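K.L.:
Sharing work.txt, compact mmCIF, C-alpha atoms:
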```txt
# COMPACT_ATOMS: atom_id res chain seq x y z
CA MET A 1430 -38.96 -1.42 12.30
CA SER A 1431 -38.91 1.05 15.19
CA VAL A 1432 -41.36 3.90 15.03
CA GLN A 1433 -40.82 7.33 16.52
CA THR A 1434 -43.48 8.02 19.10
CA LYS A 1435 -42.47 11.25 20.79
CA PRO A 1436 -44.04 14.33 19.23
CA ARG A 1437 -41.63 16.74 17.61
CA ARG A 1438 -41.50 20.11 19.33
CA TRP A 1439 -41.30 23.33 17.32
CA ASP A 1440 -41.44 26.67 19.11
CA PRO A 1441 -43.67 29.58 17.95
CA VAL A 1442 -40.81 31.50 16.27
CA VAL A 1443 -39.87 28.49 14.11
CA LYS A 1444 -43.52 28.04 13.11
CA LEU A 1445 -44.02 31.75 12.41
CA THR A 1446 -40.91 32.08 10.26
CA HIS A 1447 -41.58 28.80 8.44
CA TRP A 1448 -45.08 29.74 7.29
CA SER A 1449 -44.24 33.41 6.73
CA ILE A 1450 -41.38 32.45 4.41
CA ALA A 1451 -43.68 30.02 2.60
CA LEU A 1452 -46.34 32.73 2.11
CA ALA A 1453 -43.79 35.31 0.95
CA VAL A 1454 -42.30 32.93 -1.61
CA LEU A 1455 -45.77 31.96 -2.81
CA ALA A 1456 -46.82 35.62 -3.08
CA ASN A 1457 -43.82 36.62 -5.18
CA ALA A 1458 -44.11 33.49 -7.30
CA ILE A 1459 -47.75 33.76 -8.37
CA VAL A 1460 -49.32 36.97 -7.02
CA THR A 1461 -46.99 39.95 -7.46
CA GLU A 1462 -45.50 41.05 -10.76
CA GLU A 1463 -41.74 40.66 -11.08
CA GLY A 1464 -40.05 44.02 -10.58
CA SER A 1465 -43.17 45.68 -9.16
CA ALA A 1466 -43.17 47.63 -5.89
CA ALA A 1467 -45.23 44.88 -4.24
CA HIS A 1468 -42.71 42.24 -5.37
CA VAL A 1469 -39.83 44.28 -3.96
CA TRP A 1470 -41.53 44.92 -0.60
CA VAL A 1471 -42.45 41.27 -0.20
CA GLY A 1472 -38.74 40.60 -0.80
CA TYR A 1473 -37.80 43.02 1.98
CA ALA A 1474 -40.25 41.26 4.31
CA LEU A 1475 -38.78 37.90 3.33
CA ALA A 1476 -35.29 39.18 4.17
CA SER A 1477 -36.46 40.27 7.63
CA ILE A 1478 -38.20 36.95 8.33
CA LEU A 1479 -35.22 34.89 7.20
CA GLY A 1480 -32.93 37.11 9.29
CA LEU A 1481 -35.09 36.39 12.34
CA ARG A 1482 -34.94 32.64 11.71
CA LEU A 1483 -31.17 32.68 11.29
CA LEU A 1484 -30.80 34.70 14.49
CA TRP A 1485 -33.11 32.20 16.22
CA GLY A 1486 -30.74 29.48 15.07
CA LEU A 1487 -28.16 31.04 17.38
CA VAL A 1488 -30.22 32.01 20.43
CA GLY A 1489 -33.42 29.92 20.20
CA PRO A 1490 -34.30 26.71 22.04
CA ALA A 1491 -32.21 23.58 21.53
CA GLU A 1492 -34.24 22.01 18.70
CA ALA A 1493 -34.24 25.29 16.72
CA ARG A 1494 -30.48 25.91 16.87
CA PHE A 1495 -28.08 25.13 14.04
CA SER A 1496 -26.21 22.81 16.39
CA ALA A 1497 -29.31 20.55 16.51
CA PHE A 1498 -29.21 19.86 12.75
CA PRO A 1499 -25.73 20.53 11.33
CA PRO A 1500 -25.36 19.82 7.60
CA SER A 1501 -23.64 16.44 7.32
CA PRO A 1502 -23.47 14.48 4.03
CA ARG A 1503 -22.10 11.50 5.98
CA LYS A 1504 -25.11 11.43 8.30
CA ALA A 1505 -27.42 11.96 5.34
CA LEU A 1506 -25.99 8.87 3.63
CA ALA A 1507 -26.39 6.92 6.87
CA HIS A 1508 -30.01 8.08 6.99
CA VAL A 1509 -30.55 6.81 3.44
CA SER A 1510 -29.19 3.42 4.54
CA GLU A 1511 -31.60 3.52 7.47
CA ILE A 1512 -34.50 4.17 5.09
CA ARG A 1513 -33.44 1.25 2.89
CA ALA A 1514 -33.26 -0.99 5.97
CA ARG A 1515 -36.80 0.11 6.92
CA THR A 1516 -35.75 1.39 10.32
CA ALA A 1517 -36.51 4.72 11.94
CA SER A 1518 -34.67 6.58 14.68
CA GLU A 1519 -35.48 9.54 16.89
CA HIS A 1520 -34.47 13.06 15.84
CA ALA A 1521 -35.14 16.01 18.14
CA SER A 1522 -34.93 18.35 15.17
CA HIS A 1523 -34.63 17.74 11.41
CA ASN A 1524 -33.33 14.37 10.26
CA PRO A 1525 -29.99 14.50 8.35
CA LEU A 1526 -31.62 14.64 4.90
CA GLY A 1527 -34.06 17.28 6.10
CA ALA A 1528 -31.18 19.32 7.52
CA LEU A 1529 -29.42 19.38 4.14
CA MET A 1530 -32.68 20.49 2.52
CA VAL A 1531 -33.14 23.30 5.06
CA TYR A 1532 -29.65 24.68 4.43
CA ALA A 1533 -30.12 24.39 0.65
CA ILE A 1534 -33.39 26.34 0.82
CA TRP A 1535 -31.86 28.99 3.07
CA SER A 1536 -28.89 29.35 0.72
CA CYS A 1537 -31.22 29.87 -2.25
CA LEU A 1538 -33.21 32.42 -0.30
CA LEU A 1539 -30.05 34.34 0.61
CA VAL A 1540 -29.00 34.47 -3.05
CA ILE A 1541 -32.48 35.59 -4.12
CA ILE A 1542 -32.62 38.26 -1.41
CA GLY A 1543 -29.06 39.45 -2.05
CA THR A 1544 -29.50 39.82 -5.80
CA GLY A 1545 -32.95 41.36 -5.33
CA ILE A 1546 -31.63 44.05 -2.99
CA ALA A 1547 -28.65 44.64 -5.29
CA MET A 1548 -31.08 45.37 -8.13
CA ALA A 1549 -33.80 47.24 -6.21
CA GLY A 1550 -31.69 48.91 -3.53
CA LEU A 1551 -32.37 49.12 0.19
CA PRO A 1552 -35.78 50.22 1.49
CA GLY A 1553 -36.27 53.96 0.97
CA ALA A 1554 -33.80 54.16 -1.90
CA ASP A 1555 -36.61 54.52 -4.44
CA GLU A 1556 -38.10 57.48 -2.58
CA ARG A 1557 -34.73 59.26 -2.53
CA GLN A 1558 -34.28 58.55 -6.22
CA ASP A 1559 -37.78 59.87 -6.93
CA GLU A 1560 -37.02 63.11 -5.09
CA GLY A 1561 -33.78 63.50 -7.02
CA GLY A 1562 -35.61 62.71 -10.23
CA ARG A 1563 -38.24 65.36 -9.56
CA ALA A 1564 -35.55 67.95 -8.85
CA ALA A 1565 -33.71 67.00 -12.01
CA TYR A 1566 -36.93 67.21 -13.97
CA ALA A 1567 -37.66 70.72 -12.64
CA ALA A 1568 -34.14 71.80 -13.59
CA SER A 1569 -34.58 70.29 -17.05
CA LEU A 1570 -37.68 72.43 -17.62
CA VAL A 1571 -35.55 75.51 -17.12
CA ASP A 1572 -32.99 74.17 -19.57
CA VAL A 1573 -35.68 73.39 -22.12
CA ALA A 1574 -36.90 76.97 -21.95
CA GLN A 1575 -33.43 78.12 -22.96
CA GLY A 1576 -33.51 76.42 -26.33
CA ARG A 1577 -34.51 73.39 -28.33
CA ASP A 1578 -30.92 72.29 -28.78
CA GLU A 1579 -30.56 71.77 -25.06
CA GLU A 1580 -33.91 69.97 -25.03
CA ALA A 1581 -32.64 67.59 -27.67
CA ASP A 1582 -29.49 66.97 -25.66
CA ILE A 1583 -31.53 66.23 -22.56
CA GLY A 1584 -33.77 63.89 -24.51
CA ALA A 1585 -30.76 62.04 -25.87
CA GLU A 1586 -29.26 61.71 -22.38
CA GLN A 1587 -32.54 60.43 -20.98
CA ALA A 1588 -32.83 57.87 -23.78
CA GLU A 1589 -29.26 56.72 -23.16
CA HIS A 1590 -29.93 56.49 -19.43
CA ALA A 1591 -33.09 54.45 -20.03
CA GLU A 1592 -31.17 52.13 -22.32
CA GLU A 1593 -28.47 51.66 -19.67
CA GLU A 1594 -31.17 50.95 -17.07
CA GLY A 1595 -32.67 48.31 -19.35
CA GLU A 1596 -29.30 46.67 -19.87
CA HIS A 1597 -28.73 46.68 -16.10
CA GLU A 1598 -32.08 45.05 -15.41
CA GLU A 1599 -31.30 42.28 -17.87
CA GLY A 1600 -27.76 41.80 -16.56
CA PRO A 1601 -26.08 38.97 -14.62
CA LEU A 1602 -27.87 39.81 -11.36
CA THR A 1603 -31.25 39.21 -12.98
CA GLU A 1604 -30.04 35.89 -14.36
CA VAL A 1605 -28.72 34.73 -11.00
CA HIS A 1606 -31.92 35.91 -9.30
CA GLU A 1607 -34.13 33.93 -11.69
CA VAL A 1608 -31.98 30.79 -11.60
CA ALA A 1609 -31.95 30.82 -7.78
CA ALA A 1610 -35.73 31.32 -7.72
CA ASN A 1611 -36.31 28.37 -10.08
CA LEU A 1612 -33.96 26.22 -8.01
CA LEU A 1613 -35.87 27.25 -4.88
CA TYR A 1614 -39.16 26.08 -6.39
CA LEU A 1615 -37.58 22.70 -7.18
CA LEU A 1616 -36.22 22.40 -3.63
CA ILE A 1617 -39.64 23.25 -2.19
CA LEU A 1618 -41.26 20.47 -4.23
CA LEU A 1619 -38.60 18.03 -3.01
CA HIS A 1620 -39.13 19.27 0.54
CA ILE A 1621 -42.88 18.63 0.34
CA ALA A 1622 -42.26 15.16 -1.12
CA GLY A 1623 -39.80 14.45 1.69
CA VAL A 1624 -42.30 15.54 4.35
CA VAL A 1625 -44.98 13.28 2.89
CA PHE A 1626 -42.53 10.36 2.68
CA GLU A 1627 -41.23 10.86 6.23
CA THR A 1628 -44.77 11.09 7.60
CA ARG A 1629 -45.73 7.78 5.99
CA ARG A 1630 -42.43 6.10 6.90
CA SER A 1631 -42.17 7.14 10.55
CA GLY A 1632 -45.81 7.63 11.45
CA ARG A 1633 -45.07 11.09 12.84
CA GLN A 1634 -47.35 13.92 11.74
CA VAL A 1635 -44.61 16.25 10.54
CA VAL A 1636 -46.97 18.87 9.10
CA LEU A 1637 -49.25 18.90 12.14
CA ALA A 1638 -46.23 19.51 14.38
CA MET A 1639 -45.57 22.75 12.47
CA LEU A 1640 -49.13 24.09 12.79
CA PRO A 1641 -49.86 26.88 15.31
CA GLY A 1642 -50.99 25.61 18.69
CA ARG A 1643 -49.49 22.16 18.14
CA ARG A 1644 -46.58 20.88 20.22
```
Show this structure as structure tokens.

P.N.:
Amino acid sequence: MSVQTKPRRWDPVVKLTHWSIALAVLANAIVTEEGSAAHVWVGYALASILGLRLLWGLVGPAEARFSAFPPSPRKALAHVSEIRARTASEHASHNPLGALMVYAIWSCLLVIIGTGIAMAGLPGADERQDEGGRAAYAASLVDVAQGRDEEADIGAEQAEHAEEEGEHEEGPLTEVHEVAANLLYLLILLHIAGVVFETRRSGRQVVLAMLPGRR
């Protein structure tokens, strides 16, 4: 069995985005309340961090680029055969199974971010809606002063609007968002298991290579 001896090299941007994404996912999973302002803003931050990592996959150093770890089921199967044969080979970036996992996690994150923004809107949208809501509320006070019939109509419209909002929140986007999030948690557990297995199999300190200050 050959053992990899050269240390894996990860640049600071890869390390920063890796741990920032991990913290953002952890925060929205167990700290923030689903649908809260904090949850939404953590989602915006996650979108920015993932965008930086994807951009870095185009312009970053060789080991960080997509070309260094293209998704390849054929190579992944060959890597499984290598594991069964108890051999280990050198990989400048992710090994073929790790590459598939990275793209699967990124795909889940993109779905989560996309559906989240579709439901919450872009940053600043809430403030504009609040301003419009305050203006509408001021106008409604004038209408209420003109008669109780109009007040009843306004109340009925507001109730209908709230019901429509509730239906929207529980619609297909919410379902897709939750399914993608649950799938992401499963992939993360598999990723951690894979890191532990690869560390024991190859003798390379995969986690240590990702820590700040380590090359």

K.L.:
I'd like the neighbourhood of Leu1475 (chain A) as a list in words, where a residue qualifies if any of its atoms comes within 9 Å (using all atoms listed in the file), though same-chain residues fewer than 6 positions away should be ignored.

P.N.:
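Non-adjacent residues within range: Ser1449, Ile1450, Ala1453, Val1454, Leu1538 and Ile1542 of chain A.
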
K.L.:
Taking all atoms listed in the file into account, name the residue in A:His1523, A:His1606, A:Arg1494, A:Arg1633 that is nearest to Thr1544 (chain A).

P.N.:
A:His1606

K.L.:
Ranking A:Trp1448, A:Trp1439, A:Trp1470, A:Trp1535 by minimum distance to Ala1491 (chain A) and counting all atoms listed in the file, which one comes first?

P.N.:
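For Ala1491 (chain A), the nearest of the given residues is A:Trp1439.
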
K.L.:
Using all atoms listed in the file, find the one residue out of A:Ile1512, A:Ile1546, A:Gly1486, A:Asn1457 that sits nearest to Leu1602 (chain A).

P.N.:
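Distance minimum relative to Leu1602 (chain A) lands on A:Ile1546.
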
K.L.:
Would you mind telling me which residue in A:Ser1536, A:His1468, A:Ser1501, A:Glu1519 lies nearest to Leu1612 (chain A) when using only C-alpha atoms?

P.N.:
A:Ser1536

K.L.:
Rank A:Thr1603, A:Ala1622, A:Val1636, A:Gly1550 by their smallest atom-to-atom distance to Glu1463 (chain A), using all atoms listed in the file, and report the top residue only.

P.N.:
A:Thr1603

K.L.:
Pick the closest to Met1548 (chain A) from A:Leu1484, A:Ala1505, A:Val1605, A:Ala1474: which is it, counting only C-alpha atoms?

P.N.:
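Smallest distance to Met1548 (chain A) is found for A:Val1605.
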
K.L.:
Interatomic distance between CA of Ala1638 (chain A) and CA of Val1625 (chain A)?

P.N.:
13.1 Å

K.L.:
So how far away is CA of Ile1621 (chain A) from CA of Val1469 (chain A), in Å?

P.N.:
26.2 Å

K.L.:
Using C-alpha atoms, give me region 1464-1526 of chain A from the structure I just pasted, as a PDB file, in the first residue's frame.

P.N.:
```pdb
ATOM      1  CA  GLY A1464     -38.258  32.419   8.639  1.00  0.00           C
ATOM      2  CA  SER A1465     -36.783  34.931  11.101  1.00  0.00           C
ATOM      3  CA  ALA A1466     -34.815  37.992   9.995  1.00  0.00           C
ATOM      4  CA  ALA A1467     -31.616  36.433  11.379  1.00  0.00           C
ATOM      5  CA  HIS A1468     -32.246  33.233   9.396  1.00  0.00           C
ATOM      6  CA  VAL A1469     -32.773  35.230   6.200  1.00  0.00           C
ATOM      7  CA  TRP A1470     -29.655  37.380   6.673  1.00  0.00           C
ATOM      8  CA  VAL A1471     -27.499  34.346   7.406  1.00  0.00           C
ATOM      9  CA  GLY A1472     -28.866  32.975   4.121  1.00  0.00           C
ATOM     10  CA  TYR A1473     -27.792  36.136   2.293  1.00  0.00           C
ATOM     11  CA  ALA A1474     -24.312  35.803   3.822  1.00  0.00           C
ATOM     12  CA  LEU A1475     -24.194  32.154   2.770  1.00  0.00           C
ATOM     13  CA  ALA A1476     -25.073  33.154  -0.800  1.00  0.00           C
ATOM     14  CA  SER A1477     -22.208  35.665  -0.864  1.00  0.00           C
ATOM     15  CA  ILE A1478     -19.695  33.181   0.544  1.00  0.00           C
ATOM     16  CA  LEU A1479     -20.706  30.441  -1.880  1.00  0.00           C
ATOM     17  CA  GLY A1480     -20.552  32.947  -4.743  1.00  0.00           C
ATOM     18  CA  LEU A1481     -16.974  33.803  -3.736  1.00  0.00           C
ATOM     19  CA  ARG A1482     -15.998  30.128  -3.654  1.00  0.00           C
ATOM     20  CA  LEU A1483     -17.520  29.464  -7.068  1.00  0.00           C
ATOM     21  CA  LEU A1484     -15.745  32.498  -8.495  1.00  0.00           C
ATOM     22  CA  TRP A1485     -12.511  31.245  -6.903  1.00  0.00           C
ATOM     23  CA  GLY A1486     -13.078  27.980  -8.736  1.00  0.00           C
ATOM     24  CA  LEU A1487     -12.542  29.937 -11.947  1.00  0.00           C
ATOM     25  CA  VAL A1488      -9.717  32.311 -11.036  1.00  0.00           C
ATOM     26  CA  GLY A1489      -8.061  30.784  -7.948  1.00  0.00           C
ATOM     27  CA  PRO A1490      -4.873  28.710  -7.727  1.00  0.00           C
ATOM     28  CA  ALA A1491      -4.639  25.376  -9.523  1.00  0.00           C
ATOM     29  CA  GLU A1492      -5.776  23.125  -6.656  1.00  0.00           C
ATOM     30  CA  ALA A1493      -8.842  25.325  -5.991  1.00  0.00           C
ATOM     31  CA  ARG A1494     -10.124  25.406  -9.583  1.00  0.00           C
ATOM     32  CA  PHE A1495     -12.950  23.242 -10.884  1.00  0.00           C
ATOM     33  CA  SER A1496     -10.540  21.794 -13.432  1.00  0.00           C
ATOM     34  CA  ALA A1497      -8.546  20.230 -10.552  1.00  0.00           C
ATOM     35  CA  PHE A1498     -11.500  18.108  -9.381  1.00  0.00           C
ATOM     36  CA  PRO A1499     -14.064  17.665 -12.172  1.00  0.00           C
ATOM     37  CA  PRO A1500     -17.068  15.495 -11.267  1.00  0.00           C
ATOM     38  CA  SER A1501     -16.424  12.073 -12.786  1.00  0.00           C
ATOM     39  CA  PRO A1502     -18.462   8.973 -11.828  1.00  0.00           C
ATOM     40  CA  ARG A1503     -15.968   6.839 -13.774  1.00  0.00           C
ATOM     41  CA  LYS A1504     -13.032   8.121 -11.724  1.00  0.00           C
ATOM     42  CA  ALA A1505     -15.079   7.769  -8.548  1.00  0.00           C
ATOM     43  CA  LEU A1506     -15.686   4.078  -9.314  1.00  0.00           C
ATOM     44  CA  ALA A1507     -11.976   3.647 -10.021  1.00  0.00           C
ATOM     45  CA  HIS A1508     -11.253   5.263  -6.659  1.00  0.00           C
ATOM     46  CA  VAL A1509     -13.599   2.786  -4.951  1.00  0.00           C
ATOM     47  CA  SER A1510     -11.647  -0.049  -6.596  1.00  0.00           C
ATOM     48  CA  GLU A1511      -8.452   1.534  -5.313  1.00  0.00           C
ATOM     49  CA  ILE A1512      -9.868   1.601  -1.786  1.00  0.00           C
ATOM     50  CA  ARG A1513     -10.855  -2.066  -2.026  1.00  0.00           C
ATOM     51  CA  ALA A1514      -7.339  -2.909  -3.236  1.00  0.00           C
ATOM     52  CA  ARG A1515      -5.905  -1.031  -0.228  1.00  0.00           C
ATOM     53  CA  THR A1516      -3.853   1.313  -2.360  1.00  0.00           C
ATOM     54  CA  ALA A1517      -3.629   5.085  -2.204  1.00  0.00           C
ATOM     55  CA  SER A1518      -2.627   7.585  -4.862  1.00  0.00           C
ATOM     56  CA  GLU A1519      -1.729  11.262  -4.843  1.00  0.00           C
ATOM     57  CA  HIS A1520      -4.411  13.905  -5.449  1.00  0.00           C
ATOM     58  CA  ALA A1521      -3.467  17.582  -5.608  1.00  0.00           C
ATOM     59  CA  SER A1522      -7.052  18.514  -4.803  1.00  0.00           C
ATOM     60  CA  HIS A1523     -10.111  16.436  -3.819  1.00  0.00           C
ATOM     61  CA  ASN A1524     -10.079  12.738  -4.650  1.00  0.00           C
ATOM     62  CA  PRO A1525     -12.782  11.626  -7.152  1.00  0.00           C
ATOM     63  CA  LEU A1526     -15.297  10.625  -4.453  1.00  0.00           C
TER      64      LEU A1526
END
```
